[in-house]
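**Student:** I'm passing along query-v8.cif; it holds mmCIF, C-alpha atoms (C1' of nucleotides).
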data_start
#
loop_
_atom_site.label_atom_id
_atom_site.label_comp_id
_atom_site.auth_asym_id
_atom_site.auth_seq_id
_atom_site.Cartn_x
_atom_site.Cartn_y
_atom_site.Cartn_z
CA MET K 19 0.00 0.00 0.00
CA ALA K 20 1.24 3.48 -0.80
CA VAL K 21 2.52 5.80 1.89
CA PHE K 22 -0.49 8.10 1.64
CA GLN K 23 -3.04 5.31 1.98
CA THR K 24 -1.20 3.87 4.94
CA MET K 25 -1.17 7.20 6.72
CA LEU K 26 -4.80 7.90 5.91
CA LYS K 27 -5.89 4.50 7.18
CA THR K 28 -3.82 4.97 10.34
CA TYR K 29 -4.74 8.52 11.28
CA GLY K 30 -7.93 9.24 9.36
CA SER K 31 -8.77 12.50 7.64
CA GLN K 32 -7.11 15.47 9.36
CA GLY K 33 -9.55 18.17 8.27
CA TRP K 34 -7.08 20.98 8.00
CA TRP K 35 -8.31 24.56 7.88
CA PRO K 36 -11.97 23.72 7.47
CA GLY K 37 -14.48 26.49 6.93
CA GLU K 38 -12.04 29.31 7.46
CA THR K 39 -11.54 32.35 5.29
CA ALA K 40 -8.59 32.64 2.95
CA PHE K 41 -7.43 35.61 4.98
CA GLU K 42 -7.36 33.61 8.19
CA VAL K 43 -5.48 30.76 6.54
CA MET K 44 -2.87 33.16 5.18
CA VAL K 45 -2.40 34.91 8.51
CA GLY K 46 -2.03 31.52 10.13
CA ALA K 47 0.53 30.47 7.53
CA ILE K 48 2.72 33.44 8.45
CA LEU K 49 2.28 33.10 12.18
CA THR K 50 3.07 29.39 12.20
CA GLN K 51 6.55 29.81 10.76
CA ASN K 52 8.81 27.74 12.99
CA THR K 53 6.10 27.85 15.64
CA ALA K 54 3.80 25.28 17.18
CA TRP K 55 0.22 25.64 16.00
CA PRO K 56 -1.47 26.03 19.43
CA ASN K 57 0.55 29.21 19.92
CA VAL K 58 -0.70 30.50 16.57
CA GLU K 59 -4.28 29.88 17.61
CA LYS K 60 -3.75 32.03 20.68
CA ALA K 61 -2.35 34.84 18.58
CA ILE K 62 -5.24 34.65 16.12
CA SER K 63 -7.86 34.65 18.86
CA ASN K 64 -6.13 37.68 20.37
CA LEU K 65 -6.52 39.47 17.04
CA LYS K 66 -10.16 38.47 16.75
CA ARG K 67 -10.95 39.42 20.32
CA ALA K 68 -9.36 42.82 19.73
CA GLY K 69 -11.58 43.25 16.67
CA VAL K 70 -8.66 43.79 14.32
CA PHE K 71 -8.79 40.65 12.25
CA SER K 72 -8.76 42.25 8.82
CA ALA K 73 -6.16 43.59 6.45
CA VAL K 74 -7.14 47.22 6.97
CA SER K 75 -7.12 46.93 10.75
CA LEU K 76 -3.77 45.20 10.88
CA LEU K 77 -2.33 47.89 8.62
CA ASP K 78 -3.74 50.76 10.63
CA MET K 79 -2.40 49.41 13.87
CA PRO K 80 0.95 50.51 15.31
CA HIS K 81 3.67 47.91 15.15
CA GLU K 82 3.91 47.66 18.93
CA ALA K 83 0.20 47.00 19.35
CA LEU K 84 0.21 44.27 16.73
CA ALA K 85 3.35 42.68 18.15
CA LYS K 86 1.75 42.58 21.56
CA LEU K 87 -1.35 40.79 20.28
CA ILE K 88 0.56 38.12 18.39
CA ARG K 89 3.11 37.61 21.14
CA PRO K 90 2.09 33.99 21.87
CA SER K 91 3.15 32.93 18.38
CA GLY K 92 6.76 33.91 19.02
CA TYR K 93 9.03 36.05 16.82
CA PHE K 94 6.43 38.72 17.40
CA ASN K 95 8.46 41.68 16.16
CA ILE K 96 9.39 39.98 12.92
CA LYS K 97 5.92 38.53 12.41
CA ALA K 98 4.22 41.87 13.06
CA ASP K 99 6.26 43.28 10.18
CA ARG K 100 5.52 40.28 8.01
CA LEU K 101 1.78 40.51 8.65
CA GLN K 102 1.74 44.20 7.79
CA GLN K 103 3.84 43.66 4.69
CA PHE K 104 1.40 40.98 3.66
CA CYS K 105 -1.67 43.12 4.33
CA HIS K 106 -0.10 45.89 2.31
CA PHE K 107 0.35 43.40 -0.50
CA LEU K 108 -3.32 42.41 -0.26
CA GLN K 109 -4.45 46.04 -0.55
CA GLU K 110 -2.08 46.69 -3.41
CA GLN K 111 -3.40 43.70 -5.34
CA GLY K 112 -7.01 44.69 -4.74
CA GLY K 113 -7.97 42.07 -2.19
CA VAL K 114 -8.15 38.34 -1.67
CA GLU K 115 -10.80 37.81 -4.34
CA ILE K 116 -8.54 39.20 -7.04
CA LEU K 117 -5.81 36.80 -5.98
CA GLY K 118 -8.31 33.96 -6.05
CA ASN K 119 -8.90 34.51 -9.75
CA MET K 120 -5.24 34.37 -10.72
CA GLU K 121 -3.43 31.46 -12.25
CA THR K 122 -1.49 29.40 -9.76
CA THR K 123 1.96 30.03 -11.21
CA ARG K 124 1.43 33.77 -11.30
CA LEU K 125 -0.09 33.88 -7.84
CA ARG K 126 2.81 31.86 -6.45
CA LYS K 127 5.32 34.31 -7.85
CA LEU K 128 3.43 37.23 -6.38
CA LEU K 129 3.26 35.61 -2.95
CA LEU K 130 6.98 34.82 -3.04
CA GLY K 131 7.61 38.48 -3.75
CA VAL K 132 6.27 39.47 -0.35
CA LYS K 133 9.01 39.82 2.25
CA GLY K 134 8.43 37.22 4.91
CA VAL K 135 6.71 34.76 2.59
CA GLY K 136 9.06 31.97 1.57
CA PRO K 137 8.30 28.84 -0.44
CA GLU K 138 6.67 26.85 2.34
CA THR K 139 4.46 29.70 3.49
CA ALA K 140 3.48 30.55 -0.09
CA ASP K 141 2.55 26.94 -0.78
CA ASP K 142 0.58 26.71 2.47
CA MET K 143 -1.42 29.67 1.23
CA LEU K 144 -1.86 28.30 -2.28
CA LEU K 145 -3.00 24.91 -1.04
CA TYR K 146 -5.04 25.75 2.06
CA ALA K 147 -6.38 29.22 1.25
CA PHE K 148 -6.80 28.91 -2.52
CA GLN K 149 -7.20 25.13 -2.95
CA ARG K 150 -4.48 24.94 -5.57
CA PRO K 151 -2.79 21.59 -6.22
CA VAL K 152 0.60 22.57 -4.82
CA PHE K 153 2.53 20.11 -2.69
CA VAL K 154 3.92 21.70 0.47
CA ILE K 155 7.45 20.69 1.41
CA ASP K 156 8.49 21.12 5.01
CA ALA K 157 11.04 19.74 7.44
CA TYR K 158 8.68 16.85 8.25
CA THR K 159 8.39 15.89 4.59
CA ARG K 160 12.16 15.83 4.25
CA ARG K 161 12.62 13.80 7.41
CA ILE K 162 9.92 11.20 6.79
CA PHE K 163 10.71 10.55 3.14
CA SER K 164 14.46 10.51 3.64
CA ARG K 165 14.02 7.92 6.39
CA LEU K 166 11.82 5.98 4.00
CA GLY K 167 14.72 6.10 1.57
CA MET K 168 12.67 7.86 -1.08
CA VAL K 169 14.61 11.14 -1.14
CA SER K 170 17.96 12.24 0.21
CA GLY K 171 16.37 15.10 2.13
CA ASP K 172 18.81 17.85 1.27
CA GLU K 173 17.39 18.55 -2.18
CA SER K 174 16.26 22.08 -2.90
CA TYR K 175 12.68 22.99 -2.10
CA GLU K 176 11.72 23.15 -5.75
CA VAL K 177 13.27 19.81 -6.64
CA LEU K 178 11.32 18.10 -3.89
CA ARG K 179 8.08 19.88 -4.72
CA MET K 180 8.37 18.93 -8.38
CA GLY K 181 9.19 15.37 -7.42
CA PHE K 182 6.06 14.97 -5.34
CA GLU K 183 3.85 16.84 -7.76
CA SER K 184 4.92 14.74 -10.73
CA ALA K 185 4.54 11.50 -8.79
CA LEU K 186 0.98 12.30 -7.78
CA GLU K 187 -2.26 13.30 -9.38
CA ALA K 188 -2.58 17.10 -9.27
CA ASP K 189 -5.41 17.14 -6.76
CA ALA K 190 -5.70 19.87 -4.12
CA VAL K 191 -7.84 17.66 -1.89
CA LEU K 192 -5.20 14.93 -2.01
CA PHE K 193 -2.33 17.34 -1.35
CA ASN K 194 -4.23 18.96 1.49
CA GLU K 195 -4.76 15.65 3.23
CA TYR K 196 -1.30 14.34 2.45
CA HIS K 197 0.56 17.26 3.98
CA ALA K 198 -1.64 17.20 7.06
CA LEU K 199 -0.98 13.47 7.44
CA ILE K 200 2.76 14.05 7.10
CA VAL K 201 2.61 16.52 9.96
CA ARG K 202 0.55 14.11 12.01
CA HIS K 203 2.89 11.21 11.37
CA ALA K 204 5.99 13.28 12.13
CA LYS K 205 4.56 14.18 15.51
CA ALA K 206 3.26 10.70 16.29
CA PHE K 207 6.26 8.55 15.25
CA CYS K 208 8.77 10.24 12.96
CA SER K 209 10.00 12.89 15.35
CA LYS K 210 13.63 13.91 15.44
CA LYS K 211 14.28 11.10 17.81
CA PRO K 212 12.14 8.54 16.02
CA LYS K 213 9.67 6.47 18.01
CA CYS K 214 9.67 3.48 15.72
CA ALA K 215 7.75 1.10 17.96
CA GLY K 216 4.37 0.62 16.35
CA CYS K 217 5.14 2.87 13.39
CA PRO K 218 2.70 2.17 10.57
CA LEU K 219 5.46 2.74 7.99
CA ALA K 220 8.13 0.64 9.71
CA ALA K 221 8.00 -2.03 7.02
CA ARG K 222 9.04 0.51 4.36
CA CYS K 223 11.57 2.38 6.46
CA THR K 224 15.35 2.39 6.35
CA ILE K 225 15.60 2.98 10.08
CA PRO K 226 16.25 -0.21 12.01
"C1'" DA M 28 25.75 30.34 10.21
"C1'" DT M 29 22.95 33.23 13.06
"C1'" DC M 30 19.04 35.69 14.54
"C1'" DC M 31 14.21 36.06 15.68
"C1'" DC M 32 11.19 34.21 20.47
"C1'" DG M 33 7.03 32.31 23.38
"C1'" DG M 34 4.97 28.17 24.95
"C1'" DA M 35 4.49 23.11 25.37
"C1'" DT M 36 6.75 18.95 26.25
"C1'" DA M 37 10.31 15.77 28.08
"C1'" DT F 27 16.72 22.58 32.09
"C1'" DA F 28 16.81 21.57 27.07
"C1'" DT F 29 14.52 20.94 22.96
"C1'" DC F 30 11.25 21.62 19.49
"C1'" DC F 31 7.79 23.90 16.82
"C1'" DC F 32 3.19 23.38 10.02
"C1'" DG F 33 10.60 29.22 8.37
"C1'" DG F 34 12.65 33.18 6.46
"C1'" DA F 35 15.93 36.96 6.17
"C1'" DT F 36 20.42 38.57 6.76
#
Kindly present the structure from the file in structure tokens form.

**Tutor:**
Amino acid sequence: MAVFQTMLKTYGSQGWWPGETAFEVMVGAILTQNTAWPNVEKAISNLKRAGVFSAVSLLDMPHEALAKLIRPSGYFNIKADRLQQFCHFLQEQGGVEILGNMETTRLRKLLLGVKGVGPETADDMLLYAFQRPVFVIDAYTRRIFSRLGMVSGDESYEVLRMGFESALEADAVLFNEYHALIVRHAKAFCSKKPKCAGCPLAARCTIP
DNA sequence: ATCCCGGATA
DNA sequence: TATCCCGGAT
């Protein structure tokens, strides 16, 4: 059985970012950079509770006030800048709806042009906010698939992304579930210090 | 290679 | 106490 099917059977559907606005997904994608998700949720609920959860509000707000609200997500000074840069980008482009009508390749380039949005964050946005069939590569993907012996792990981001995308059907629903399952599996078994006992992928793995 | 940084977990 | 976290810029 393929890796994806094994993970899906083991963990079930992960239901990532259900019923949330594209704006919220994109804000979350920035705030979660090198940060555990529960801390991001705190930051986002702070923004909502303060009634500033919109591009215009975040832009109008002083840097210090924004940094204070997103403090739980860590890197708050840097991320306050990144959020405001991103909101400025949204205004400049004419809003989320305009972006939603763009072709994926063009939209990806635009997102990568925003300071603070790197390849993983851009692809998180493309996949989870705009439902585009883009395969997200992260540290978990590198770790799991290098242990499985399917990649070396130190390939460039683009090489890995292309590898996954050409090996799979270009399906946003599939990519959405797959990346979420990769995260789940990395936490459950394939952590830095692997917990191989009971691992559902042990039979395929290079780790003794 | 280093910095940014709080919060959960071990 | 140390490590890690749905990274990116310098």

**Student:** Pick out the chain K residues within 6 Å of chain F. Count only C-alpha atoms (C1' of nucleotides). Give them as a PyMOL selection string.

**Tutor:** chain K and resi 51-54

**Student:** Written as a PyMOL selection string, which residues does the PyMOL selection byres ((chain K and resi 19) around 12) give for the file shown?

**Tutor:** chain K and resi 20-27+218-219+221-222

**Student:** Using the chain letters and numbering of this document, enumerate as a VMD selection string the residues selected by the PyMOL selection byres ((chain M) within 7 of (chain K)).

**Tutor:** chain M and resid 31 to 34

**Student:** Could you please determine the separation between CA of Val135 in chain K and CA of Leu166 in chain K in Å, to one decimal place?

**Tutor:**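 Distance between the two atoms: 29.3 Å.
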
**Student:** So which residues get picked by the PyMOL selection byres ((chain K and resi 143) around 12) here, written as a PyMOL selection string?

**Tutor:** (chain K and resi 35+39-48+50+104+114+117-118+122+125-126+128-130+135-142+144-154+190+194) or (chain F and resi 32)

**Student:** How many Å lie between CA of Gly69 in chain K and CA of His81 in chain K, rounded to one decimal?

**Tutor:**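 Result for CA of Gly69 in chain K versus CA of His81 in chain K: 16.0 Å, one decimal.
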
**Student:** Could you tell me how far CA of Leu84 in chain K sits from CA of Glu110 in chain K, in Å to one decimal place?

**Tutor:** 20.4 Å

**Student:** At most 7 Å from (9.8, 14.2, 9.5), file frame, only C-alpha atoms (C1' of nucleotides): which residues, as a ChimeraX atom specification?

**Tutor:** /K:157-162,204,208-209
